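Chemist: A single structure is presented below for examination.
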Amino acid sequence: MRLNLSESDLMAAEPSAPNNPTQLNRHVLREEIKEYLIDAILRGKYQPGERLTELALARHFGVSQAPIREALGHLALMGFVESKPYRGTYIHKHSPEELLDIYTVRAWLEALAGRLAAPRLTEEDLAELTALVDGMMAHAHGNNVHDFYKADYAFHGVIIRVADNTMLARLFDTLQYSYWTFASTILFDYDLVYLAQRHYGVVDALRKRDPLLAAQVLQTHIEELLTPLTAQPTAKLSKVTTNGSANH
């Protein structure tokens with residue numbers, strides 16, 4: 001089924017398209033377009049198998065096709081869309097099994113980052129992590145999902161930076177794990193305050209500078225996000241992965 005990308009349909013999607021996109025630099029614009037499309041896909045605005053066209057999206061956002069192409073490329077890495085040679089880009093439905101695979105791999109990578117970072121952390125690093133969690137709490141109470149997940153990304157980015165492993169950093173960037181926190185809030189209807197509070201425990205563990213403890217806590221930190229997948233019946237999981245959170 002071809003996606004109808006009429007102006008009225010696109011403007012009805014949530015969230016609204018970025019304001020004054022031409023004033024944003026290319027990198028920021030790409031990220032905002034990517035966030036917009038993830039939100040629309042997870043909320044069921046676009047159905048599995050529907051086609052996205054660069055030209056129609058570019059016209060909607062009032063930009064060139066370059067940032068659209070970059071955003072769709074990142075979404076393909078995350079599995080939200082599938083690019084078919086000579087046919088176009090189509091919405092892909094994540095199965096429950098795929099989501100389990102994604103979070104399982106991320107949990108182990110986070111554990112590795114924690115193990116490598118723990119003995120390297122300085123007091124300045126720990127202060128930066130604490131400030132980021134405080135920021136997450138503020139954004140959570142204000143129901144500011146966009147800035148919340150940006151702070152979450154920065155938090156885990158500090159750990160990756162301190163781990164000082166080029167391949168690990170490259171994997172996190174390539175696999176776009178920063179956007180899975182954003183996706184989780186939509187897929188599973190998580191309470192933002194709850195998600196923010198969980199990070200204080202991570203900071204407490206890192207403060208001990210014990211590599212094994214840091215690895216265990218960070219692995220659990222991610223694996224706990226799998227609870228809705230493992231606790232819900234298969235039929236309900238299918239609804240969640242097709243149309244976003246079951247409560248939306």
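Starting from 1 in every chain, residues are counted up; chains themselves are A, B, ... following the order of the structure tokens, and ligands are numbered from 1 as listed.
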Skipping near chain neighbours, those fewer than 5 positions away, what residues fall within 10 Å of A:Lys208 using only C-alpha atoms, listed as number ranges by chain?
Modeler: A: 118-119, 121, 203, 213-214
Chemist: Tell me which protein, DNA and RNA residues are within 9 Å of A:Ser64, counting only C-alpha atoms, leaving out same-chain ones fewer than 5 positions away, and put them as a PyMOL selection string.
Modeler: chain A and resi 55+58-59
Chemist: Just how far from atom CA of A:Met137 is atom CA of A:Val193, in Å to one decimal?
Modeler: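 We find that atom CA of A:Val193 and atom CA of A:Met137 lie 6.0 Å from each other.
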Chemist: Quick one: distance from atom CA of A:Gly79 to atom CA of A:His60 in Å, one decimal?
Modeler: 23.1 Å
Chemist: If we count only C-alpha atoms and set the cut-off at 7 Å, which residues sit around A:Gly49, ignoring sequence neighbours fewer than 2 positions away in its own chain? Please answer as a tab-separated table (two decimals) with C-alpha atoms, in the first residue's frame.
Modeler:
```
chain	number	residue	atom	x	y	z
A	1	MET	CA	0.00	0.00	0.00
A	47	GLN	CA	1.50	1.32	8.61
A	51	ARG	CA	6.07	3.68	1.24
A	90	TYR	CA	8.99	1.12	3.14
A	91	ILE	CA	7.84	1.06	6.76
A	92	HIS	CA	9.06	-2.02	8.61
```
Chemist: Can you list, as a ChimeraX atom specification, every protein, DNA or RNA residue that comes within 12 Å of A:Val202 when you count only C-alpha atoms, leaving out same-chain residues fewer than 2 positions away?
Modeler: /A:110-111,114,118,126,129-130,133,155-156,159,195-200,204-210,213-222
Chemist: Using only C-alpha atoms, determine which residues lie at most 10 Å from A:Gln176, disregarding the query and same-chain residues fewer than 4 positions distant; provide the list as an MDAnalysis selection string.
Modeler: chainID A and resid 74:75 77:78 170:172 180
Chemist: Include C-alpha atoms and write out the residues we just selected as a JSON list (two decimals), in the first residue's frame.
Modeler:
```json
[["chain", "number", "residue", "atom", "x", "y", "z"],
["A", 74, "HIS", "CA", 19.47, 6.12, 10.00],
["A", 75, "LEU", "CA", 15.94, 4.74, 10.34],
["A", 77, "LEU", "CA", 19.86, 1.05, 10.52],
["A", 78, "MET", "CA", 17.36, 1.02, 13.37],
["A", 170, "ARG", "CA", 31.27, 3.58, 16.67],
["A", 171, "LEU", "CA", 28.80, 0.77, 17.32],
["A", 172, "PHE", "CA", 26.61, 2.95, 19.52],
["A", 180, "TRP", "CA", 15.60, 3.67, 21.53]]
```
Chemist: Counting only C-alpha atoms, which residue out of A:Ala107, A:Ile102, A:Val162, A:Val145 sits closest to A:Glu124?
Modeler: A:Val162
Chemist: Run DSSP on the backbone and tell me which residues of stretch 2-135 of chain A come out as strand (DSSP E); list them as a list in words.
Modeler: Arg51, Leu52, Val81, Glu82, Ser83, Lys84, Gly88, Thr89, Tyr90 and Ile91 of chain A
Chemist: So that I have them on file, write out the residues from the current selection with N, CA, C and O atoms, as a PDB file, in the first residue's frame.
Modeler:
```pdb
ATOM      1  N   ARG A  51       4.866   3.120   1.841  1.00  0.00           N
ATOM      2  CA  ARG A  51       6.067   3.683   1.240  1.00  0.00           C
ATOM      3  C   ARG A  51       6.278   5.137   1.648  1.00  0.00           C
ATOM      4  O   ARG A  51       5.328   5.912   1.734  1.00  0.00           O
ATOM      5  N   LEU A  52       7.536   5.474   1.937  1.00  0.00           N
ATOM      6  CA  LEU A  52       7.933   6.849   2.191  1.00  0.00           C
ATOM      7  C   LEU A  52       8.739   7.336   0.992  1.00  0.00           C
ATOM      8  O   LEU A  52       9.640   6.633   0.531  1.00  0.00           O
ATOM      9  N   VAL A  81      12.556   1.358   8.859  1.00  0.00           N
ATOM     10  CA  VAL A  81      12.211   1.330   7.446  1.00  0.00           C
ATOM     11  C   VAL A  81      13.126   0.333   6.751  1.00  0.00           C
ATOM     12  O   VAL A  81      14.181  -0.038   7.272  1.00  0.00           O
ATOM     13  N   GLU A  82      12.701  -0.084   5.571  1.00  0.00           N
ATOM     14  CA  GLU A  82      13.490  -1.008   4.765  1.00  0.00           C
ATOM     15  C   GLU A  82      13.633  -0.425   3.370  1.00  0.00           C
ATOM     16  O   GLU A  82      12.637  -0.049   2.736  1.00  0.00           O
ATOM     17  N   SER A  83      14.867  -0.301   2.917  1.00  0.00           N
ATOM     18  CA  SER A  83      15.133   0.234   1.594  1.00  0.00           C
ATOM     19  C   SER A  83      15.257  -0.910   0.604  1.00  0.00           C
ATOM     20  O   SER A  83      16.088  -1.807   0.772  1.00  0.00           O
ATOM     21  N   LYS A  84      14.408  -0.876  -0.416  1.00  0.00           N
ATOM     22  CA  LYS A  84      14.410  -1.924  -1.437  1.00  0.00           C
ATOM     23  C   LYS A  84      14.930  -1.345  -2.746  1.00  0.00           C
ATOM     24  O   LYS A  84      14.355  -0.376  -3.259  1.00  0.00           O
ATOM     25  N   GLY A  88      12.098   1.601  -3.541  1.00  0.00           N
ATOM     26  CA  GLY A  88      11.844   2.678  -2.603  1.00  0.00           C
ATOM     27  C   GLY A  88      12.037   2.266  -1.157  1.00  0.00           C
ATOM     28  O   GLY A  88      12.593   1.202  -0.857  1.00  0.00           O
ATOM     29  N   THR A  89      11.566   3.115  -0.246  1.00  0.00           N
ATOM     30  CA  THR A  89      11.704   2.901   1.192  1.00  0.00           C
ATOM     31  C   THR A  89      10.346   2.628   1.802  1.00  0.00           C
ATOM     32  O   THR A  89       9.389   3.387   1.582  1.00  0.00           O
ATOM     33  N   TYR A  90      10.266   1.563   2.599  1.00  0.00           N
ATOM     34  CA  TYR A  90       8.986   1.123   3.144  1.00  0.00           C
ATOM     35  C   TYR A  90       9.055   0.992   4.663  1.00  0.00           C
ATOM     36  O   TYR A  90      10.108   0.663   5.219  1.00  0.00           O
ATOM     37  N   ILE A  91       7.932   1.214   5.312  1.00  0.00           N
ATOM     38  CA  ILE A  91       7.844   1.059   6.762  1.00  0.00           C
ATOM     39  C   ILE A  91       8.005  -0.406   7.122  1.00  0.00           C
ATOM     40  O   ILE A  91       7.391  -1.288   6.513  1.00  0.00           O
TER      41      ILE A  91
END
```
Chemist: Could you check how far atom CA of A:Leu29 sits from atom CA of A:Asp152, in Å to one decimal?
Modeler: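 Here the two named atoms are 19.7 Å from each other.
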Chemist: Would you kindly return, as a list in words, each protein, DNA or RNA residue with an atom no farther than 12 Å from any atom of A:Asn144, considering only C-alpha atoms and excluding same-chain residues fewer than 5 positions away?
Modeler: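 Answer for this query is Gly135, Met136, Met137, Ala138, His139, Tyr149, Lys150, Ala151, Phe182, Thr185, Asp191, Leu192 and Val193 of chain A.
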Chemist: Take the residues from that selection and put them in a file with all heavy atoms, as a compact mmCIF listing (two decimals), in the first residue's frame.
Modeler:
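This went into out21.txt:
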```txt
# COMPACT_ATOMS: atom_id res chain seq x y z
N GLY A 135 18.74 16.83 35.19
CA GLY A 135 18.07 17.41 34.02
C GLY A 135 16.96 16.52 33.51
O GLY A 135 15.88 17.00 33.14
N MET A 136 17.22 15.22 33.49
CA MET A 136 16.19 14.27 33.07
C MET A 136 14.96 14.36 33.97
O MET A 136 13.82 14.33 33.49
CB MET A 136 16.74 12.83 33.11
CG MET A 136 17.45 12.40 31.85
SD MET A 136 17.89 10.64 31.91
CE MET A 136 19.59 10.75 32.40
N MET A 137 15.20 14.48 35.27
CA MET A 137 14.09 14.60 36.21
C MET A 137 13.27 15.85 35.92
O MET A 137 12.03 15.82 35.92
CB MET A 137 14.61 14.63 37.65
CG MET A 137 15.11 13.29 38.14
SD MET A 137 13.79 12.05 38.31
CE MET A 137 12.85 12.76 39.67
N ALA A 138 13.95 16.96 35.66
CA ALA A 138 13.25 18.21 35.36
C ALA A 138 12.43 18.08 34.09
O ALA A 138 11.26 18.50 34.02
CB ALA A 138 14.25 19.36 35.24
N HIS A 139 13.02 17.47 33.05
CA HIS A 139 12.30 17.29 31.79
C HIS A 139 11.13 16.32 31.97
O HIS A 139 10.07 16.49 31.35
CB HIS A 139 13.24 16.76 30.71
CG HIS A 139 14.36 17.70 30.37
ND1 HIS A 139 14.17 19.05 30.20
CD2 HIS A 139 15.69 17.48 30.18
CE1 HIS A 139 15.32 19.63 29.91
NE2 HIS A 139 16.27 18.71 29.91
N TYR A 149 15.00 12.65 26.33
CA TYR A 149 15.82 11.62 25.68
C TYR A 149 17.16 12.18 25.24
O TYR A 149 18.15 11.45 25.15
CB TYR A 149 15.05 10.94 24.55
CG TYR A 149 15.32 11.47 23.18
CD1 TYR A 149 16.42 11.04 22.45
CD2 TYR A 149 14.46 12.39 22.59
CE1 TYR A 149 16.66 11.52 21.18
CE2 TYR A 149 14.70 12.87 21.33
CZ TYR A 149 15.80 12.43 20.62
OH TYR A 149 16.04 12.91 19.37
N LYS A 150 17.24 13.50 24.99
CA LYS A 150 18.53 14.10 24.66
C LYS A 150 19.46 14.02 25.88
O LYS A 150 20.66 13.73 25.74
CB LYS A 150 18.34 15.56 24.25
CG LYS A 150 17.66 15.76 22.91
CD LYS A 150 18.49 15.26 21.76
CE LYS A 150 17.85 15.57 20.42
NZ LYS A 150 18.59 15.00 19.29
N ALA A 151 18.91 14.26 27.06
CA ALA A 151 19.71 14.16 28.28
C ALA A 151 20.10 12.72 28.54
O ALA A 151 21.22 12.43 28.99
CB ALA A 151 18.93 14.74 29.47
N PHE A 182 13.81 7.09 23.33
CA PHE A 182 12.66 7.82 22.80
C PHE A 182 11.59 6.84 22.33
O PHE A 182 10.40 6.99 22.63
CB PHE A 182 13.12 8.72 21.66
CG PHE A 182 12.02 9.43 20.94
CD1 PHE A 182 11.23 10.35 21.60
CD2 PHE A 182 11.80 9.20 19.59
CE1 PHE A 182 10.22 11.03 20.93
CE2 PHE A 182 10.79 9.88 18.92
CZ PHE A 182 9.99 10.79 19.59
N THR A 185 9.55 5.13 25.21
CA THR A 185 8.51 5.92 25.87
C THR A 185 7.20 5.85 25.10
O THR A 185 6.13 5.99 25.68
CB THR A 185 8.94 7.39 26.03
OG1 THR A 185 9.10 7.98 24.74
CG2 THR A 185 10.23 7.50 26.81
N ASP A 191 6.58 5.83 32.24
CA ASP A 191 6.53 7.08 32.98
C ASP A 191 7.93 7.70 32.96
O ASP A 191 8.91 7.05 33.35
CB ASP A 191 6.08 6.83 34.42
CG ASP A 191 6.12 8.09 35.25
OD1 ASP A 191 5.28 8.97 35.02
OD2 ASP A 191 7.00 8.19 36.13
N LEU A 192 8.04 8.94 32.52
CA LEU A 192 9.35 9.56 32.38
C LEU A 192 10.06 9.75 33.71
O LEU A 192 11.29 9.62 33.78
CB LEU A 192 9.21 10.92 31.68
CG LEU A 192 8.77 10.91 30.21
CD1 LEU A 192 8.72 12.33 29.67
CD2 LEU A 192 9.69 10.05 29.37
N VAL A 193 9.31 10.04 34.76
CA VAL A 193 9.94 10.21 36.08
C VAL A 193 10.58 8.90 36.52
O VAL A 193 11.71 8.87 37.03
CB VAL A 193 8.92 10.71 37.12
CG1 VAL A 193 9.54 10.74 38.52
CG2 VAL A 193 8.40 12.09 36.74
```
